[in-house]
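**Student:** What follows is my_file-v3.cif, made up of mmCIF, C-alpha atoms:
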```
data_structure
loop_
_atom_site.label_atom_id
_atom_site.label_comp_id
_atom_site.auth_asym_id
_atom_site.auth_seq_id
_atom_site.Cartn_x
_atom_site.Cartn_y
_atom_site.Cartn_z
CA MET A 1 -62.23 8.13 14.77
CA SER A 2 -60.18 7.62 17.94
CA GLU A 3 -56.91 8.45 16.11
CA ILE A 4 -58.01 12.05 15.65
CA LYS A 5 -58.46 12.53 19.38
CA VAL A 6 -55.07 11.00 20.04
CA VAL A 7 -53.42 13.28 17.51
CA THR A 8 -55.05 16.30 19.18
CA ASN A 9 -53.77 15.19 22.59
CA ILE A 10 -50.26 14.61 21.26
CA LEU A 11 -50.21 18.08 19.67
CA LYS A 12 -51.58 19.68 22.86
CA ALA A 13 -48.93 17.98 25.00
CA ASN A 14 -46.32 19.13 22.49
CA ASP A 15 -47.57 22.73 22.66
CA GLU A 16 -47.20 22.74 26.44
CA LEU A 17 -43.62 21.48 26.27
CA ASN A 18 -42.87 23.89 23.44
CA ALA A 19 -43.82 26.73 25.82
CA VAL A 20 -41.56 25.29 28.53
CA ASN A 21 -38.63 25.09 26.09
CA ARG A 22 -39.30 28.61 24.79
CA LYS A 23 -39.32 30.09 28.28
CA ARG A 24 -36.06 28.39 29.18
CA LEU A 25 -34.31 29.47 25.97
CA ASP A 26 -35.77 33.00 26.02
CA GLU A 27 -34.47 33.56 29.53
CA LYS A 28 -30.96 33.04 28.17
CA ALA A 29 -31.77 35.03 24.99
CA ILE A 30 -30.71 32.05 22.89
CA TYR A 31 -31.88 32.29 19.29
CA VAL A 32 -33.25 28.94 18.09
CA ILE A 33 -33.59 27.76 14.48
CA ASN A 34 -35.55 24.65 13.47
CA LEU A 35 -34.05 23.54 10.13
CA MET A 36 -36.31 21.34 7.99
CA SER A 37 -36.24 19.68 4.55
CA SER A 38 -36.61 16.44 2.60
CA PRO A 39 -33.80 13.91 2.93
CA GLY A 40 -30.76 15.02 0.95
CA SER A 41 -31.65 18.68 0.38
CA GLY A 42 -28.39 19.72 2.00
CA LYS A 43 -29.31 20.75 5.57
CA THR A 44 -26.11 19.36 7.08
CA SER A 45 -23.88 20.89 4.39
CA ILE A 46 -25.51 24.29 4.94
CA LEU A 47 -25.03 23.88 8.69
CA GLU A 48 -21.33 23.11 8.21
CA LYS A 49 -20.93 26.26 6.12
CA MET A 50 -22.90 28.38 8.62
CA ILE A 51 -20.87 27.17 11.56
CA SER A 52 -17.52 27.76 9.87
CA ARG A 53 -18.58 31.34 9.04
CA LEU A 54 -20.27 32.23 12.35
CA LYS A 55 -18.49 30.33 15.11
CA ASP A 56 -15.86 33.02 15.74
CA ASP A 57 -18.55 35.67 16.33
CA ILE A 58 -21.37 33.67 17.87
CA LYS A 59 -21.44 30.83 20.38
CA ILE A 60 -23.30 28.00 18.63
CA ALA A 61 -24.68 24.60 19.66
CA VAL A 62 -26.47 22.07 17.46
CA ILE A 63 -29.09 19.41 18.10
CA GLU A 64 -29.06 16.71 15.41
CA GLY A 65 -32.23 14.71 14.74
CA ASP A 66 -31.88 11.38 12.97
CA LEU A 67 -33.71 8.08 13.03
CA TYR A 68 -30.80 5.83 14.00
CA THR A 69 -27.39 7.09 12.90
CA THR A 70 -24.89 9.69 14.11
CA ILE A 71 -23.58 10.43 10.59
CA ASP A 72 -24.65 14.09 10.59
CA ALA A 73 -23.72 14.71 14.23
CA GLN A 74 -20.17 13.54 13.51
CA ARG A 75 -19.92 15.98 10.60
CA ILE A 76 -21.07 18.85 12.84
CA GLU A 77 -18.82 17.84 15.73
CA ALA A 78 -15.86 18.11 13.36
CA GLN A 79 -16.72 21.82 13.07
CA GLY A 80 -15.81 22.24 16.75
CA VAL A 81 -19.18 23.16 18.27
CA PRO A 82 -21.20 21.25 20.91
CA VAL A 83 -23.64 18.72 19.40
CA VAL A 84 -26.41 16.71 21.00
CA GLN A 85 -27.65 13.72 19.00
CA ILE A 86 -31.32 12.74 19.16
CA ASN A 87 -32.03 9.32 17.64
CA THR A 88 -35.78 9.05 17.22
CA GLY A 89 -35.63 5.26 16.80
CA GLY A 90 -37.65 5.44 13.60
CA ALA A 91 -39.98 8.33 14.47
CA CYS A 92 -40.38 10.78 11.59
CA HIS A 93 -39.93 14.13 13.36
CA LEU A 94 -38.54 15.83 16.45
CA ASP A 95 -40.98 16.95 19.13
CA ALA A 96 -40.75 19.37 22.07
CA TYR A 97 -40.26 16.52 24.54
CA MET A 98 -37.12 15.28 22.76
CA ILE A 99 -35.77 18.83 22.63
CA LYS A 100 -36.46 19.35 26.34
CA ASP A 101 -34.25 16.34 27.11
CA ALA A 102 -31.58 17.43 24.64
CA ILE A 103 -31.38 20.94 26.14
CA ASP A 104 -30.47 19.35 29.48
CA GLY A 105 -27.26 18.22 27.82
CA ILE A 106 -26.24 21.74 26.72
CA ASP A 107 -24.54 24.49 28.74
CA LEU A 108 -27.12 27.20 27.99
CA ASP A 109 -24.97 29.94 29.50
CA GLY A 110 -22.33 29.16 26.90
CA ILE A 111 -24.40 29.67 23.75
CA GLU A 112 -26.23 32.35 21.78
CA LEU A 113 -27.50 30.34 18.81
CA LEU A 114 -29.04 26.85 18.91
CA ILE A 115 -29.67 25.18 15.58
CA VAL A 116 -31.87 22.08 15.48
CA GLU A 117 -31.49 19.95 12.37
CA ASN A 118 -34.76 18.07 12.11
CA VAL A 119 -35.29 14.59 10.63
CA GLY A 120 -35.20 14.65 6.82
CA ASN A 121 -38.91 14.80 6.06
CA LEU A 122 -40.88 17.55 4.36
CA VAL A 123 -44.21 16.50 5.93
CA CYS A 124 -44.28 15.74 9.66
CA PRO A 125 -41.67 18.03 11.31
CA ALA A 126 -43.63 21.14 10.31
CA GLU A 127 -46.50 20.10 12.60
CA PHE A 128 -44.44 20.20 15.80
CA GLU A 129 -43.14 23.36 17.47
CA ILE A 130 -40.09 22.45 19.52
CA GLY A 131 -39.14 25.73 21.19
CA GLU A 132 -37.75 27.52 18.14
CA ASP A 133 -37.76 31.24 17.28
CA ILE A 134 -38.03 30.45 13.58
CA LYS A 135 -38.30 27.58 11.17
CA ILE A 136 -36.18 27.55 8.02
CA THR A 137 -37.07 25.19 5.16
CA VAL A 138 -34.47 24.08 2.62
CA LEU A 139 -35.44 22.88 -0.85
CA SER A 140 -32.87 21.80 -3.43
CA THR A 141 -33.32 22.62 -7.11
CA THR A 142 -33.05 18.92 -8.00
CA GLU A 143 -36.28 18.20 -6.09
CA GLY A 144 -38.42 20.20 -8.49
CA ASN A 145 -40.33 23.48 -8.26
CA ASP A 146 -43.67 21.79 -7.49
CA LYS A 147 -42.79 20.99 -3.87
CA PRO A 148 -44.17 24.13 -2.10
CA LEU A 149 -47.71 23.39 -3.33
CA LYS A 150 -47.37 19.67 -2.62
CA TYR A 151 -45.92 20.11 0.91
CA PRO A 152 -47.28 23.53 1.91
CA LEU A 153 -47.08 23.46 5.71
CA ALA A 154 -43.27 23.60 5.96
CA PHE A 155 -43.17 26.57 3.55
CA GLU A 156 -46.10 28.31 5.24
CA LYS A 157 -44.48 28.15 8.68
CA SER A 158 -40.96 29.18 7.67
CA LYS A 159 -39.51 32.65 8.15
CA ALA A 160 -36.82 31.88 5.58
CA VAL A 161 -36.73 29.52 2.62
CA ILE A 162 -33.36 28.38 1.23
CA LEU A 163 -33.17 27.21 -2.37
CA ASN A 164 -30.07 25.02 -2.27
CA LYS A 165 -27.97 23.31 -4.98
CA ILE A 166 -28.51 26.41 -7.08
CA ASP A 167 -25.43 25.39 -9.10
CA LEU A 168 -27.33 22.34 -10.39
CA ILE A 169 -30.38 24.26 -11.63
CA GLU A 170 -29.08 24.34 -15.21
CA HIS A 171 -29.27 20.53 -15.30
CA THR A 172 -32.92 20.47 -14.17
CA ASN A 173 -36.25 21.83 -15.41
CA PHE A 174 -36.72 23.80 -12.16
CA ASP A 175 -38.89 26.89 -12.83
CA LYS A 176 -37.61 29.50 -10.35
CA GLN A 177 -40.33 32.04 -11.04
CA LYS A 178 -43.05 29.44 -10.45
CA PHE A 179 -41.27 28.35 -7.25
CA TYR A 180 -41.18 31.91 -5.88
CA ASP A 181 -44.78 32.58 -6.92
CA ASP A 182 -45.97 29.36 -5.26
CA VAL A 183 -44.15 30.04 -1.97
CA ARG A 184 -45.48 33.63 -2.00
CA SER A 185 -49.03 32.32 -2.47
CA ILE A 186 -48.62 30.32 0.78
CA ASN A 187 -46.41 32.69 2.75
CA ASP A 188 -46.04 36.30 1.70
CA LYS A 189 -43.46 37.16 4.37
CA ALA A 190 -40.77 34.52 3.80
CA VAL A 191 -37.23 35.71 3.13
CA PHE A 192 -35.45 33.82 0.32
CA PHE A 193 -31.85 32.70 -0.04
CA GLU A 194 -30.25 30.87 -2.94
CA THR A 195 -27.24 28.78 -1.96
CA SER A 196 -24.75 26.22 -3.18
CA CYS A 197 -22.49 24.50 -0.69
CA THR A 198 -20.39 22.90 -3.44
CA LYS A 199 -19.71 26.23 -5.14
CA ASP A 200 -19.89 28.29 -1.92
CA LEU A 201 -22.64 30.59 -3.20
CA GLY A 202 -25.15 32.70 -1.25
CA LEU A 203 -23.92 31.61 2.17
CA ASP A 204 -22.56 35.00 3.24
CA GLY A 205 -25.98 36.62 2.86
CA LEU A 206 -27.69 33.82 4.75
CA CYS A 207 -25.17 33.99 7.60
CA GLU A 208 -25.39 37.77 7.84
CA TRP A 209 -29.17 37.54 8.13
CA ILE A 210 -28.90 34.91 10.89
CA GLU A 211 -26.19 36.83 12.74
CA ASN A 212 -28.44 39.90 12.84
CA LYS A 213 -31.31 37.83 14.25
CA VAL A 214 -29.04 36.42 16.97
CA LYS A 215 -27.63 39.85 17.92
CA GLU A 216 -31.14 41.30 18.03
CA LYS A 217 -32.30 38.65 20.49
CA GLN A 218 -29.10 38.93 22.54
CA SER A 219 -29.58 42.70 22.80
CA SER A 220 -32.96 42.10 24.46
CA LYS A 221 -31.16 40.37 27.35
CA ILE A 222 -31.40 42.25 30.59
CA MET B 1 -46.67 5.48 27.10
CA SER B 2 -50.21 5.53 25.72
CA GLU B 3 -48.98 6.55 22.24
CA ILE B 4 -47.16 3.26 21.80
CA LYS B 5 -50.32 1.29 22.40
CA VAL B 6 -52.18 3.46 19.90
CA VAL B 7 -49.48 2.97 17.28
CA THR B 8 -49.67 -0.79 17.82
CA ASN B 9 -53.44 -0.72 17.34
CA ILE B 10 -53.15 1.40 14.21
CA LEU B 11 -50.58 -0.98 12.72
CA LYS B 12 -52.69 -4.03 13.68
CA ALA B 13 -55.79 -2.53 12.04
CA ASN B 14 -53.67 -1.73 9.00
CA ASP B 15 -52.38 -5.32 8.82
CA GLU B 16 -55.94 -6.65 8.79
CA LEU B 17 -56.97 -4.36 5.95
CA ASN B 18 -53.74 -5.14 4.11
CA ALA B 19 -54.81 -8.80 4.11
CA VAL B 20 -58.27 -7.86 2.81
CA ASN B 21 -56.71 -5.84 -0.02
CA ARG B 22 -54.22 -8.60 -0.84
CA LYS B 23 -56.98 -11.22 -1.10
CA ARG B 24 -59.08 -9.04 -3.39
CA LEU B 25 -56.15 -8.19 -5.67
CA ASP B 26 -54.72 -11.75 -5.67
CA GLU B 27 -58.08 -13.15 -6.78
CA LYS B 28 -57.74 -11.06 -9.93
CA ALA B 29 -54.01 -11.84 -10.19
CA ILE B 30 -53.25 -8.11 -10.24
CA TYR B 31 -49.60 -7.31 -9.54
CA VAL B 32 -49.29 -4.39 -7.13
CA ILE B 33 -46.28 -2.10 -6.67
CA ASN B 34 -45.91 0.35 -3.77
CA LEU B 35 -43.54 3.06 -5.04
CA MET B 36 -41.79 5.06 -2.32
CA SER B 37 -39.17 7.83 -2.07
CA SER B 38 -38.32 11.27 -0.68
CA PRO B 39 -40.08 14.25 -2.28
CA GLY B 40 -38.55 15.00 -5.65
CA SER B 41 -36.65 11.77 -6.28
CA GLY B 42 -38.53 11.29 -9.55
CA LYS B 43 -41.27 8.74 -8.75
CA THR B 44 -43.81 10.40 -11.05
CA SER B 45 -41.33 10.79 -13.91
CA ILE B 46 -40.38 7.12 -13.65
CA LEU B 47 -44.07 6.21 -13.61
CA GLU B 48 -44.70 8.24 -16.77
CA LYS B 49 -41.83 6.44 -18.52
CA MET B 50 -43.01 3.03 -17.30
CA ILE B 51 -46.57 3.59 -18.46
CA SER B 52 -45.56 4.80 -21.91
CA ARG B 53 -43.39 1.67 -22.35
CA LEU B 54 -45.78 -0.90 -20.85
CA LYS B 55 -49.32 0.26 -21.54
CA ASP B 56 -49.64 -1.47 -24.92
CA ASP B 57 -48.71 -4.84 -23.41
CA ILE B 58 -50.15 -4.61 -19.89
CA LYS B 59 -53.36 -3.10 -18.54
CA ILE B 60 -52.26 -0.60 -15.90
CA ALA B 61 -54.02 1.51 -13.26
CA VAL B 62 -52.42 3.98 -10.85
CA ILE B 63 -53.28 5.20 -7.35
CA GLU B 64 -51.69 8.58 -6.61
CA GLY B 65 -51.03 9.57 -3.01
CA ASP B 66 -50.55 13.25 -2.23
CA LEU B 67 -51.26 15.51 0.73
CA TYR B 68 -53.53 18.01 -1.02
CA THR B 69 -52.86 18.45 -4.74
CA THR B 70 -53.68 16.51 -7.91
CA ILE B 71 -50.49 17.63 -9.72
CA ASP B 72 -49.08 14.10 -10.11
CA ALA B 73 -52.45 12.47 -10.89
CA GLN B 74 -52.92 14.90 -13.78
CA ARG B 75 -49.51 13.96 -15.17
CA ILE B 76 -50.39 10.24 -15.01
CA GLU B 77 -53.89 10.75 -16.45
CA ALA B 78 -52.26 12.38 -19.47
CA GLN B 79 -50.60 8.99 -20.12
CA GLY B 80 -54.06 7.52 -20.79
CA VAL B 81 -54.41 5.07 -17.90
CA PRO B 82 -57.00 5.06 -15.09
CA VAL B 83 -55.90 7.05 -12.02
CA VAL B 84 -57.43 7.30 -8.57
CA GLN B 85 -56.27 10.25 -6.47
CA ILE B 86 -55.94 9.88 -2.70
CA ASN B 87 -55.49 13.18 -0.90
CA THR B 88 -54.37 12.39 2.62
CA GLY B 89 -55.24 15.88 3.90
CA GLY B 90 -51.79 16.32 5.41
CA ALA B 91 -51.14 12.74 6.51
CA CYS B 92 -47.62 11.57 5.72
CA HIS B 93 -48.25 8.12 4.21
CA LEU B 94 -50.87 5.92 2.55
CA ASP B 95 -52.44 3.14 4.62
CA ALA B 96 -54.41 0.01 3.74
CA TYR B 97 -57.71 1.69 4.57
CA MET B 98 -57.16 4.44 1.99
CA ILE B 99 -56.18 1.84 -0.62
CA LYS B 100 -59.30 -0.24 0.16
CA ASP B 101 -61.43 2.78 -0.68
CA ALA B 102 -59.40 3.63 -3.77
CA ILE B 103 -59.70 0.08 -5.15
CA ASP B 104 -63.49 0.49 -5.11
CA GLY B 105 -63.01 3.13 -7.78
CA ILE B 106 -61.08 0.83 -10.14
CA ASP B 107 -62.44 -1.78 -12.57
CA LEU B 108 -60.31 -4.67 -11.29
CA ASP B 109 -61.29 -6.95 -14.18
CA GLY B 110 -59.74 -4.43 -16.53
CA ILE B 111 -56.20 -4.34 -15.09
CA GLU B 112 -53.12 -6.51 -14.59
CA LEU B 113 -50.76 -4.04 -12.90
CA LEU B 114 -51.63 -1.56 -10.15
CA ILE B 115 -48.97 0.97 -9.22
CA VAL B 116 -49.40 2.99 -6.03
CA GLU B 117 -47.32 6.15 -5.86
CA ASN B 118 -46.97 6.83 -2.15
CA VAL B 119 -46.63 10.24 -0.47
CA GLY B 120 -43.11 11.68 -0.92
CA ASN B 121 -41.56 10.62 2.37
CA LEU B 122 -38.67 8.26 3.01
CA VAL B 123 -39.73 7.51 6.60
CA CYS B 124 -43.39 6.73 7.28
CA PRO B 125 -44.74 4.96 4.15
CA ALA B 126 -42.37 2.00 4.70
CA GLU B 127 -44.20 1.15 7.94
CA PHE B 128 -47.56 0.49 6.30
CA GLU B 129 -48.35 -2.49 4.06
CA ILE B 130 -51.19 -1.50 1.76
CA GLY B 131 -51.90 -4.68 -0.21
CA GLU B 132 -48.81 -4.64 -2.43
CA ASP B 133 -46.81 -7.53 -3.90
CA ILE B 134 -43.61 -5.52 -3.70
CA LYS B 135 -42.25 -2.20 -2.56
CA ILE B 136 -39.83 -0.29 -4.77
CA THR B 137 -37.76 2.55 -3.32
CA VAL B 138 -36.35 5.31 -5.51
CA LEU B 139 -33.33 7.37 -4.46
CA SER B 140 -31.88 10.11 -6.65
CA THR B 141 -28.13 10.65 -6.86
CA THR B 142 -28.55 14.28 -5.79
CA GLU B 143 -29.85 13.15 -2.37
CA GLY B 144 -26.50 11.64 -1.39
CA ASN B 145 -25.26 8.08 -0.84
CA ASP B 146 -25.77 8.20 2.95
CA LYS B 147 -29.55 7.77 2.74
CA PRO B 148 -29.88 3.95 2.99
CA LEU B 149 -28.21 3.93 6.44
CA LYS B 150 -30.15 7.01 7.57
CA TYR B 151 -33.54 5.72 6.38
CA PRO B 152 -33.07 1.94 6.43
CA LEU B 153 -36.64 0.64 6.62
CA ALA B 154 -37.67 1.63 3.07
CA PHE B 155 -34.51 0.02 1.65
CA GLU B 156 -34.86 -3.06 3.84
CA LYS B 157 -38.42 -3.72 2.71
CA SER B 158 -37.93 -3.11 -1.02
CA LYS B 159 -37.58 -5.85 -3.62
CA ALA B 160 -36.05 -3.32 -6.02
CA VAL B 161 -34.10 -0.11 -5.48
CA ILE B 162 -33.93 2.46 -8.28
CA LEU B 163 -31.03 4.92 -8.33
CA ASN B 164 -32.52 7.77 -10.35
CA LYS B 165 -31.03 10.96 -11.87
CA ILE B 166 -27.97 8.88 -12.73
CA ASP B 167 -27.11 11.53 -15.37
CA LEU B 168 -26.50 14.06 -12.56
CA ILE B 169 -24.08 11.88 -10.59
CA GLU B 170 -21.05 13.59 -12.12
CA HIS B 171 -22.15 16.88 -10.52
CA THR B 172 -22.40 15.32 -7.04
CA ASN B 173 -20.10 13.54 -4.59
CA PHE B 174 -22.35 10.45 -4.63
CA ASP B 175 -20.28 7.34 -3.86
CA LYS B 176 -21.99 4.55 -5.81
CA GLN B 177 -19.93 1.73 -4.32
CA LYS B 178 -20.72 2.91 -0.77
CA PHE B 179 -24.40 3.18 -1.72
CA TYR B 180 -24.54 -0.39 -3.04
CA ASP B 181 -22.58 -1.73 -0.06
CA ASP B 182 -24.88 0.05 2.39
CA VAL B 183 -28.08 -1.22 0.74
CA ARG B 184 -26.60 -4.74 0.60
CA SER B 185 -25.83 -4.56 4.34
CA ILE B 186 -29.54 -3.92 5.00
CA ASN B 187 -31.08 -6.03 2.24
CA ASP B 188 -29.01 -8.64 0.43
CA LYS B 189 -31.77 -9.57 -2.03
CA ALA B 190 -32.70 -6.21 -3.56
CA VAL B 191 -32.47 -5.84 -7.33
CA PHE B 192 -30.87 -2.56 -8.49
CA PHE B 193 -31.69 -0.31 -11.42
CA GLU B 194 -29.96 2.91 -12.45
CA THR B 195 -32.20 5.31 -14.34
CA SER B 196 -32.45 8.78 -15.79
CA CYS B 197 -35.81 10.05 -17.00
CA THR B 198 -34.24 13.16 -18.57
CA LYS B 199 -31.74 11.13 -20.62
CA ASP B 200 -34.02 8.07 -20.92
CA LEU B 201 -31.49 5.68 -19.39
CA GLY B 202 -32.04 2.31 -17.70
CA LEU B 203 -35.81 2.33 -18.12
CA ASP B 204 -36.00 -0.58 -20.57
CA GLY B 205 -34.38 -2.94 -18.08
CA LEU B 206 -36.64 -1.78 -15.27
CA CYS B 207 -39.78 -2.20 -17.40
CA GLU B 208 -38.72 -5.64 -18.61
CA TRP B 209 -38.24 -6.77 -15.01
CA ILE B 210 -41.67 -5.44 -14.03
CA GLU B 211 -43.36 -6.95 -17.09
CA ASN B 212 -41.96 -10.37 -16.18
CA LYS B 213 -43.31 -10.04 -12.62
CA VAL B 214 -46.76 -9.10 -13.95
CA LYS B 215 -46.86 -11.99 -16.46
CA GLU B 216 -45.71 -14.41 -13.77
CA LYS B 217 -48.58 -13.43 -11.48
CA GLN B 218 -51.07 -13.42 -14.35
CA SER B 219 -49.99 -16.95 -15.32
CA SER B 220 -50.96 -18.14 -11.84
CA LYS B 221 -54.55 -17.14 -12.60
CA ILE B 222 -56.89 -20.09 -12.80
#
```
Show the structure stored in the file as structure tokens.

**Tutor:**
Amino acid sequence: MSEIKVVTNILKANDELNAVNRKRLDEKAIYVINLMSSPGSGKTSILEKMISRLKDDIKIAVIEGDLYTTIDAQRIEAQGVPVVQINTGGACHLDAYMIKDAIDGIDLDGIELLIVENVGNLVCPAEFEIGEDIKITVLSTTEGNDKPLKYPLAFEKSKAVILNKIDLIEHTNFDKQKFYDDVRSINDKAVFFETSCTKDLGLDGLCEWIENKVKEKQSSKI
Amino acid sequence: MSEIKVVTNILKANDELNAVNRKRLDEKAIYVINLMSSPGSGKTSILEKMISRLKDDIKIAVIEGDLYTTIDAQRIEAQGVPVVQINTGGACHLDAYMIKDAIDGIDLDGIELLIVENVGNLVCPAEFEIGEDIKITVLSTTEGNDKPLKYPLAFEKSKAVILNKIDLIEHTNFDKQKFYDDVRSINDKAVFFETSCTKDLGLDGLCEWIENKVKEKQSSKI
């Protein structure tokens, strides 16, 4: 049973560093989003769309989590915002320690919104707070409506849930009512967005919601 | 650095139990498949199709890995084959210890093919051998062709790679040539199958390949 103790210690150490990161980011009134999903749900495409809509109004930086590659970081860099790449070397989630290091590479006085794209994994990332204000979970319609009940923690901990690839829903058996009911049964406060990056749907509403959150936090700055 | 030591110990303990499982299953000449993918790639749908095609010729049992629910196990049970449910209680992969326990619940003299549907996760399951003859990784076209390079271990360790939801490829920007080239760069021996469960495509070839593997192992039985 020694693993259980180890897991507890790892989570405790993570909590302490989460608090350190929070303090540092709160002092600058930087709004922080932890973006989570399965591989291939469309996190990076949504991020590209968000940045292109928001970057003229809000100063944005991105931390990209990936096992080995810089594929996503290159896509974000092309949007003209600062990016820090974290390669986990095979580890299945980002933790507060990795984020602490990554923040050292960012000019915190120059940004208002920090978006962390987590490793593509609907299980492990949800267990680790990294210094974020909110978590957002993305699910794509092609993954099936049964995912909230099968992977509840990510949906339970998210302030917003994005149903992406909404343009493909007609080619699937995705039951939208069941999906909403299931998320509501886990998390009765989540805000929902339906988006398609291919067809450019639903992204204005999502960006407006995020912009308001950022302005709200910025206005708390002394 | 204590975590690294712990991980090593966990993997070593897993290797030992993997060998125990292998011995037990080899003695009965049972062919074992460890089926892996992201959430929502279509593992369970492929399994349903495989069982309905193969169950008259081969005696099959299934072990279903899920965090909390029995949604998939119920779908497989409806196909009329024995199913053992493993609920990991939040853990992100199956390990050899869980499989050892699950095997106790199966009449090994009554089966020739054991299929283990792993937890939906393209990262962690690939690290743990559980007693299988082969791993098969499923990727769906809607997840994007960049996944083999981003999550290489599952593709590297798989004897077969299934590209599922092939009927939806026309609605995506999935680059099939790039996908095949990338998998080949990691694993030059993998066999490929393209399938669609909705349109019932490519499943005959997949099932024929599996049936041959099962017969081959069975013929080694003394």

**Student:** Let me know the residues the PyMOL selection byres ((chain A) within 10 of (chain B)) catches in the file above, as a ChimeraX atom specification.

**Tutor:** /A:2-3,6-7,9-10,37-42,66-72,90-93,119-124,127,139-147,149-153,165,167-168,171-173,198

**Student:** Rank nothing, just name the residue among A:Ile63, A:Ile103, A:Ile136, A:Leu17 nearest to Leu35 in chain A, using only C-alpha atoms.

**Tutor:**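 Looking at the shortest contact to Leu35 in chain A, the residue is A:Ile136.
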
**Student:** Tell me, in Å to one decimal, how far CA of Tyr31 in chain A is from CA of Pro148 in chain A.

**Tutor:** 26.0 Å

**Student:** Rounded to one decimal in Å, what is the spacing between CA of Glu27 in chain A and CA of Asp109 in chain A?

**Tutor:** 10.2 Å

**Student:** Around the point (-18.1, 32.9, 14.5), in the coordinates given by the file, pick out the residues reaching within 12 Å, counting only C-alpha atoms, and return them as an NGL selection string.

**Tutor:** :A and (49-61 or 79-81 or 111-113 or 207-208 or 210-211 or 214)

**Student:** List, as an mmCIF file with C-alpha atoms, in the frame of the given file, every residue that the PyMOL selection byres ((chain A and resi 14) around 8) selects in the file provided.

**Tutor:**
```cif
data_model
loop_
_atom_site.group_PDB
_atom_site.id
_atom_site.type_symbol
_atom_site.label_atom_id
_atom_site.label_comp_id
_atom_site.auth_asym_id
_atom_site.auth_seq_id
_atom_site.Cartn_x
_atom_site.Cartn_y
_atom_site.Cartn_z
ATOM 1 C CA ILE A 10 -50.260 14.610 21.260
ATOM 2 C CA LEU A 11 -50.210 18.080 19.670
ATOM 3 C CA LYS A 12 -51.580 19.680 22.860
ATOM 4 C CA ALA A 13 -48.930 17.980 25.000
ATOM 5 C CA ASP A 15 -47.570 22.730 22.660
ATOM 6 C CA GLU A 16 -47.200 22.740 26.440
ATOM 7 C CA LEU A 17 -43.620 21.480 26.270
ATOM 8 C CA ASN A 18 -42.870 23.890 23.440
ATOM 9 C CA ASP A 95 -40.980 16.950 19.130
ATOM 10 C CA ALA A 96 -40.750 19.370 22.070
ATOM 11 C CA TYR A 97 -40.260 16.520 24.540
ATOM 12 C CA PHE A 128 -44.440 20.200 15.800
ATOM 13 C CA GLU A 129 -43.140 23.360 17.470
ATOM 14 C CA ILE A 130 -40.090 22.450 19.520
#
```

**Student:** Report as number ranges by chain all protein, DNA and RNA residues lying within 6 Å of range 158-164 of chain B, evaluated on only C-alpha atoms, omitting residues in the same chain fewer than 5 positions from it.

**Tutor:** B: 135-140, 190-196

**Student:** Find the distance between CA of Asn212 in chain A and CA of Ala73 in chain A and write it in Å to one decimal.

**Tutor:**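 Separating CA of Asn212 in chain A from CA of Ala73 in chain A is a distance of 25.7 Å.
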
**Student:** Using the chain letters and numbers from the file, which residues does the PyMOL selection byres ((chain A and resi 219) around 12) grab, as number ranges by chain?

**Tutor:** A: 26, 28-31, 112, 212-218, 220-222

**Student:** Write the selection just made, keeping C-alpha atoms, as a tab-separated table (two decimals), in the frame of the given file?

**Tutor:**
```
chain	number	residue	atom	x	y	z
A	26	ASP	CA	-35.77	33.00	26.02
A	28	LYS	CA	-30.96	33.04	28.17
A	29	ALA	CA	-31.77	35.03	24.99
A	30	ILE	CA	-30.71	32.05	22.89
A	31	TYR	CA	-31.88	32.29	19.29
A	112	GLU	CA	-26.23	32.35	21.78
A	212	ASN	CA	-28.44	39.90	12.84
A	213	LYS	CA	-31.31	37.83	14.25
A	214	VAL	CA	-29.04	36.42	16.97
A	215	LYS	CA	-27.63	39.85	17.92
A	216	GLU	CA	-31.14	41.30	18.03
A	217	LYS	CA	-32.30	38.65	20.49
A	218	GLN	CA	-29.10	38.93	22.54
A	220	SER	CA	-32.96	42.10	24.46
A	221	LYS	CA	-31.16	40.37	27.35
A	222	ILE	CA	-31.40	42.25	30.59
```

**Student:** Using all atoms listed in the file, which of A:Arg24, A:Lys157, A:Lys100, A:Arg75 sits nearest Asp188 in chain A?

**Tutor:**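 Smallest distance to Asp188 in chain A is found for A:Lys157.
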
**Student:** Hey, can I get the axis-aligned box for range 123-137 of chain B? All listed atoms, 3 Å padding on each side, centre and edge lengths in Å to one decimal, as AutoDock Vina command-line options.

**Tutor:**
```
--center_x -44.8 --center_y 0.0 --center_z 1.6 --size_x 20.1 --size_y 21.0 --size_z 18.7
```
